[in-house]
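A.B. asks: Contents of upload-v5.tsv (TSV, C-alpha atoms and all ligand atoms):
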```
chain	number	residue	atom	x	y	z
U	2	MET	CA	-31.74	41.88	-25.34
U	3	GLU	CA	-32.40	40.20	-28.64
U	4	HIS	CA	-31.67	41.94	-31.88
U	5	GLU	CA	-34.18	41.21	-34.61
U	6	ALA	CA	-32.43	40.52	-37.89
U	7	GLY	CA	-35.50	40.87	-40.09
U	8	LEU	CA	-36.16	39.78	-43.64
U	9	THR	CA	-39.26	40.83	-45.54
U	10	SER	CA	-41.62	38.16	-46.90
U	11	ARG	CA	-40.30	38.97	-50.37
U	12	HIS	CA	-37.06	37.32	-49.29
U	13	ALA	CA	-38.64	34.24	-47.78
U	14	ALA	CA	-37.60	32.06	-50.69
U	15	GLY	CA	-34.07	33.34	-50.53
U	16	LEU	CA	-33.25	32.78	-46.90
U	17	PHE	CA	-29.59	33.13	-47.75
U	18	ALA	CA	-29.95	36.01	-50.16
U	19	PRO	CA	-26.95	38.33	-50.55
U	20	ALA	CA	-26.43	40.80	-47.73
U	21	ALA	CA	-27.45	43.66	-50.02
U	22	THR	CA	-31.10	42.58	-49.80
U	23	HIS	CA	-31.08	42.76	-46.00
U	24	ARG	CA	-31.77	45.71	-43.80
U	25	PRO	CA	-28.60	47.50	-42.74
U	26	GLY	CA	-27.11	45.57	-39.85
U	27	ASP	CA	-28.48	42.18	-40.87
U	28	GLY	CA	-25.31	41.34	-42.73
U	29	HIS	CA	-23.41	41.68	-39.51
U	30	ALA	CA	-25.57	39.11	-37.70
U	31	LEU	CA	-25.14	36.65	-40.57
U	32	LEU	CA	-21.40	37.16	-40.60
U	33	ALA	CA	-20.99	36.77	-36.84
U	34	PRO	CA	-18.39	34.08	-36.07
U	35	VAL	CA	-19.70	30.66	-35.06
U	36	LEU	CA	-17.55	28.06	-33.36
U	37	VAL	CA	-17.70	24.66	-35.10
U	38	LEU	CA	-17.22	21.58	-32.92
U	39	ASN	CA	-16.49	18.08	-34.06
U	40	ALA	CA	-18.98	15.40	-33.07
U	41	SER	CA	-16.60	14.79	-30.14
U	42	TYR	CA	-17.04	18.44	-28.99
U	43	GLU	CA	-13.45	19.26	-30.01
U	44	PRO	CA	-13.34	22.78	-31.55
U	45	ILE	CA	-12.25	22.44	-35.17
U	46	ASN	CA	-13.16	25.62	-36.98
U	47	VAL	CA	-14.84	29.00	-37.03
U	48	CYS	CA	-17.32	30.00	-39.73
U	49	ALA	CA	-19.87	32.74	-40.35
U	50	ALA	CA	-23.39	32.39	-38.91
U	51	ARG	CA	-24.80	32.20	-42.45
U	52	ARG	CA	-22.67	29.14	-43.22
U	53	ALA	CA	-23.45	27.58	-39.83
U	54	LEU	CA	-27.17	27.97	-40.46
U	55	VAL	CA	-26.81	26.19	-43.81
U	56	LEU	CA	-25.02	23.29	-42.10
U	57	VAL	CA	-27.80	23.05	-39.50
U	58	LEU	CA	-30.56	23.22	-42.14
U	59	LYS	CA	-28.82	20.51	-44.19
U	60	GLY	CA	-28.72	18.28	-41.12
U	61	VAL	CA	-24.92	18.18	-41.07
U	62	ALA	CA	-24.66	19.97	-37.74
U	63	MET	CA	-26.80	20.91	-34.79
U	64	THR	CA	-26.94	24.12	-32.79
U	65	GLU	CA	-25.31	23.83	-29.38
U	66	GLU	CA	-25.52	27.51	-28.41
U	67	GLU	CA	-27.49	30.40	-29.85
U	68	ASN	CA	-26.22	33.93	-30.26
U	69	GLY	CA	-29.45	35.74	-29.38
U	70	HIS	CA	-30.05	37.02	-32.90
U	71	PHE	CA	-32.90	35.94	-35.17
U	72	LEU	CA	-33.23	35.54	-38.88
U	73	HIS	CA	-36.84	36.15	-39.92
U	74	SER	CA	-38.54	34.92	-43.05
U	75	ALA	CA	-42.30	35.01	-43.79
U	76	ARG	CA	-43.08	31.81	-41.90
U	77	VAL	CA	-40.20	31.13	-39.59
U	78	ALA	CA	-37.95	32.99	-37.20
U	79	MET	CA	-34.65	31.15	-37.01
U	80	ARG	CA	-32.34	31.58	-34.08
U	81	LEU	CA	-28.78	32.16	-35.24
U	82	PRO	CA	-26.21	29.82	-33.68
U	83	SER	CA	-23.13	30.79	-31.75
U	84	VAL	CA	-21.78	27.23	-31.49
U	85	ILE	CA	-22.65	24.28	-33.73
U	86	ARG	CA	-21.56	20.66	-33.57
U	87	LEU	CA	-21.10	18.29	-36.49
U	88	LEU	CA	-23.32	15.22	-36.25
U	89	GLU	CA	-20.68	12.97	-37.80
U	90	TYR	CA	-17.09	12.82	-36.56
U	91	ARG	CA	-14.61	14.34	-38.99
U	92	ARG	CA	-10.97	13.28	-38.93
U	93	ILE	CA	-8.58	16.24	-38.56
U	94	PRO	CA	-5.23	15.84	-40.34
U	95	HIS	CA	-2.38	15.23	-37.93
U	96	GLN	CA	-0.06	17.88	-39.41
U	97	SER	CA	-2.39	20.61	-38.14
U	98	ARG	CA	-0.95	19.96	-34.71
U	99	ALA	CA	2.68	20.89	-35.46
U	100	LEU	CA	4.61	21.20	-32.22
U	101	SER	CA	6.81	24.29	-32.27
U	102	ARG	CA	7.87	27.13	-30.02
U	103	LYS	CA	5.60	29.50	-31.93
U	104	ASN	CA	2.57	27.26	-31.53
U	105	ILE	CA	3.16	26.66	-27.83
U	106	LEU	CA	3.31	30.43	-27.27
U	107	LEU	CA	0.18	30.84	-29.36
U	108	ARG	CA	-1.65	28.19	-27.34
U	109	ASP	CA	-0.56	29.83	-24.09
U	110	ARG	CA	-1.43	33.29	-25.42
U	111	ASN	CA	2.09	34.58	-24.71
U	112	THR	CA	1.39	34.18	-21.01
U	113	CYS	CA	3.90	32.73	-18.55
U	114	GLN	CA	2.05	29.68	-17.27
U	115	TYR	CA	3.47	30.10	-13.77
U	116	CYS	CA	3.12	33.80	-12.93
U	117	GLY	CA	0.59	34.90	-15.55
U	118	THR	CA	2.72	37.70	-17.05
U	119	VAL	CA	1.93	38.45	-20.70
U	120	LEU	CA	5.11	39.12	-22.68
U	121	PRO	CA	6.29	39.47	-26.29
U	122	SER	CA	7.49	36.15	-27.77
U	123	SER	CA	11.12	37.32	-27.60
U	124	GLU	CA	10.88	37.58	-23.80
U	125	LEU	CA	9.38	34.14	-23.27
U	126	THR	CA	11.03	30.76	-23.20
U	127	LEU	CA	9.64	27.24	-23.18
U	128	ASP	CA	9.63	25.30	-19.93
U	129	HIS	CA	9.57	21.52	-19.66
U	130	VAL	CA	7.07	20.96	-16.83
U	131	ILE	CA	8.80	17.66	-16.01
U	132	PRO	CA	12.45	18.66	-16.60
U	133	ARG	CA	14.25	16.95	-19.48
U	134	SER	CA	16.99	15.90	-17.05
U	135	ARG	CA	14.34	13.91	-15.18
U	136	GLY	CA	12.77	12.22	-18.16
U	137	GLY	CA	10.37	14.92	-19.33
U	138	SER	CA	9.62	14.81	-23.05
U	139	SER	CA	9.10	17.61	-25.57
U	140	THR	CA	5.37	17.26	-26.09
U	141	TRP	CA	2.31	19.52	-26.07
U	142	GLU	CA	1.50	18.22	-22.60
U	143	ASN	CA	4.95	18.90	-21.14
U	144	LEU	CA	5.89	22.27	-22.68
U	145	VAL	CA	4.56	25.63	-21.55
U	146	ALA	CA	5.31	29.30	-22.14
U	147	CYS	CA	7.46	30.65	-19.32
U	148	CYS	CA	9.11	33.97	-18.45
U	149	HIS	CA	12.87	33.96	-17.77
U	150	PRO	CA	12.62	34.70	-14.02
U	151	CYS	CA	10.18	31.78	-13.52
U	152	ASN	CA	12.35	29.54	-15.69
U	153	ARG	CA	15.42	30.32	-13.58
U	154	ARG	CA	13.52	29.82	-10.33
U	155	LYS	CA	12.16	26.45	-11.44
U	156	GLY	CA	15.48	25.14	-12.75
U	157	ASN	CA	15.58	21.36	-12.85
U	158	GLN	CA	12.74	20.91	-10.41
U	159	PHE	CA	9.17	19.74	-10.71
U	160	PRO	CA	6.77	22.69	-10.27
U	161	ALA	CA	5.73	21.52	-6.80
U	162	GLU	CA	9.36	21.24	-5.65
U	163	ALA	CA	9.91	24.88	-6.64
U	164	GLY	CA	6.67	25.93	-4.96
U	165	MET	CA	5.18	26.80	-8.36
U	166	LYS	CA	1.85	25.93	-9.90
U	167	LEU	CA	0.69	25.83	-13.52
U	168	MET	CA	-2.17	28.16	-14.40
U	169	ARG	CA	-3.75	25.36	-16.38
U	170	GLU	CA	-3.01	21.86	-17.60
U	171	PRO	CA	-1.13	22.06	-20.92
U	172	ARG	CA	-2.76	20.13	-23.76
U	173	ALA	CA	-2.51	19.69	-27.49
U	174	PHE	CA	-4.59	21.97	-29.63
U	175	ASN	CA	-5.63	22.30	-33.20
U	176	LEU	CA	-3.61	25.10	-34.73
U	177	HIS	CA	-6.02	25.83	-37.56
U	178	THR	CA	-8.81	26.42	-35.06
U	179	SER	CA	-6.66	28.39	-32.71
U	180	ARG	CA	-5.44	30.84	-35.34
U	181	HIS	CA	-9.04	31.68	-36.11
U	182	ILE	CA	-9.88	31.83	-32.46
U	183	MET	CA	-7.02	34.19	-31.69
U	184	ARG	CA	-8.11	36.48	-34.51
U	185	LEU	CA	-11.75	36.42	-33.45
U	186	MET	CA	-11.30	36.31	-29.72
U	187	GLY	CA	-12.26	39.95	-29.29
U	188	ARG	CA	-15.58	39.42	-31.01
U	189	SER	CA	-16.32	35.95	-29.77
U	190	ASP	CA	-19.16	34.96	-27.55
U	191	ASP	CA	-18.78	34.00	-23.89
U	192	LYS	CA	-20.66	30.85	-24.84
U	193	TRP	CA	-17.50	29.66	-26.64
U	194	ARG	CA	-15.40	29.56	-23.52
U	195	LYS	CA	-16.55	26.27	-22.08
U	196	TYR	CA	-15.71	24.55	-25.39
U	197	LEU	CA	-12.33	26.22	-25.84
U	198	PHE	CA	-10.91	26.12	-22.34
U	199	TYR	CA	-12.44	23.03	-20.84
T	201	ZN	ZN	6.69	33.85	-14.97
```
Now that the file is in, can you turn its structure into structure tokens?

C.D. replies:
Amino acid sequence: MEHEAGLTSRHAAGLFAPAATHRPGDGHALLAPVLVLNASYEPINVCAARRALVLVLKGVAMTEEENGHFLHSARVAMRLPSVIRLLEYRRIPHQSRALSRKNILLRDRNTCQYCGTVLPSSELTLDHVIPRSRGGSSTWENLVACCHPCNRRKGNQFPAEAGMKLMREPRAFNLHTSRHIMRLMGRSDDKWRKYLFY
């Protein structure tokens, strides 16, 4: 069901007028989190719907997914986005991808990537998918969160040799984005999933 975030004609000129001029509840729709994708579809940020709409209206970004809410002015009803994509590729600084134990656990959502158990950071270790003793490197693609029992069971074996399987392929991620995503996950739209966990 679509929620109508209405504006009176009086506010037509000020499409982005302060929330105080909106009906109660409208502010919420304009502040709803929107996932921002790079031109390459890589998630790079999260912003408020109001900001996302400005980027779309300025021709900087295009709407990829809508959130089902409308913003009404006198002449137009604008669909609020849930996911937008920048039209021009933006370079993301390399240091935002710092490889650390903390960031690996954050990426893997404190979930053992073999058995799926969610644990506090103190009860998780990092597992080299290809063991170090067999040439595995310490990279985003070769490190996963792992519980101690799974880590012991796997030992110096490849996952297949130990009869174990990764829940998903480990990959590098953008920490800046992910921090936002973790914070907003509870409120985020299902439409984000295919961009975040592809
Ligand atoms: Zn485990």

A.B. asks: Which residues form the shell of 12 Å around ligand ZN 201 (chain T) when you count all atoms listed in the file, given as JSON, numbers by chain?

C.D. replies: {"U": [111, 112, 113, 114, 115, 116, 117, 118, 119, 120, 124, 125, 126, 127, 128, 145, 146, 147, 148, 149, 150, 151, 152, 153, 154, 155, 165, 166, 167, 168]}

A.B. asks: Choose the residue, out of U:Pro44, U:Arg92, U:Ser134, U:Ile105, that has the smallest atom-to-atom separation from Ser122 (chain U); count all atoms listed in the file.

C.D. replies: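 Among the listed residues, U:Ile105 lies closest to Ser122 (chain U).
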
A.B. asks: Can you measure CA of Gly136 (chain U) to CA of Arg169 (chain U) for me? One decimal in Å is fine.

C.D. replies: 21.2 Å

A.B. asks: At what distance in Å, to one decimal, does CA of Leu56 (chain U) lie from CA of Leu36 (chain U)?

C.D. replies: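 Separating CA of Leu36 (chain U) from CA of Leu56 (chain U) is a distance of 12.4 Å.
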
A.B. asks: What's the separation between CA of Ala163 (chain U) and CA of Leu100 (chain U), in Å to one decimal place?

C.D. replies: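 One can read the CA of Ala163 (chain U) to CA of Leu100 (chain U) distance as 26.4 Å.
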
A.B. asks: Using all atoms listed in the file, which of U:Val130, U:Leu144, U:Val77, U:Leu58 sits nearest Leu106 (chain U)?

C.D. replies: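 The answer is U:Leu144, which sits nearest to Leu106 (chain U).
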
A.B. asks: Once 8 Å is added on each side, what centre and edge lengths in Å to one decimal does the axis-aligned box around all listed atoms of region 54-72 of chain U have, as lines of an AutoDock Vina configuration file?

C.D. replies:
```
center_x = -28.9
center_y = 27.6
center_z = -36.3
size_x = 24.6
size_y = 34.8
size_z = 31.8
```

A.B. asks: Show which residues sit within 9 Å of Val37 (chain U), as a short mmCIF file (atom, residue, chain, number, x, y, z; two decimals) with C-alpha atoms, in the frame of the given file. Count only C-alpha atoms, and ignore same-chain residues fewer than 5 positions away.

C.D. replies:
```cif
data_model
loop_
_atom_site.label_atom_id
_atom_site.label_comp_id
_atom_site.auth_asym_id
_atom_site.auth_seq_id
_atom_site.Cartn_x
_atom_site.Cartn_y
_atom_site.Cartn_z
CA TYR U 42 -17.04 18.44 -28.99
CA GLU U 43 -13.45 19.26 -30.01
CA PRO U 44 -13.34 22.78 -31.55
CA ILE U 45 -12.25 22.44 -35.17
CA ASN U 46 -13.16 25.62 -36.98
CA VAL U 47 -14.84 29.00 -37.03
CA CYS U 48 -17.32 30.00 -39.73
CA ALA U 53 -23.45 27.58 -39.83
CA ALA U 62 -24.66 19.97 -37.74
CA SER U 83 -23.13 30.79 -31.75
CA VAL U 84 -21.78 27.23 -31.49
CA ILE U 85 -22.65 24.28 -33.73
CA ARG U 86 -21.56 20.66 -33.57
CA LEU U 87 -21.10 18.29 -36.49
#
```
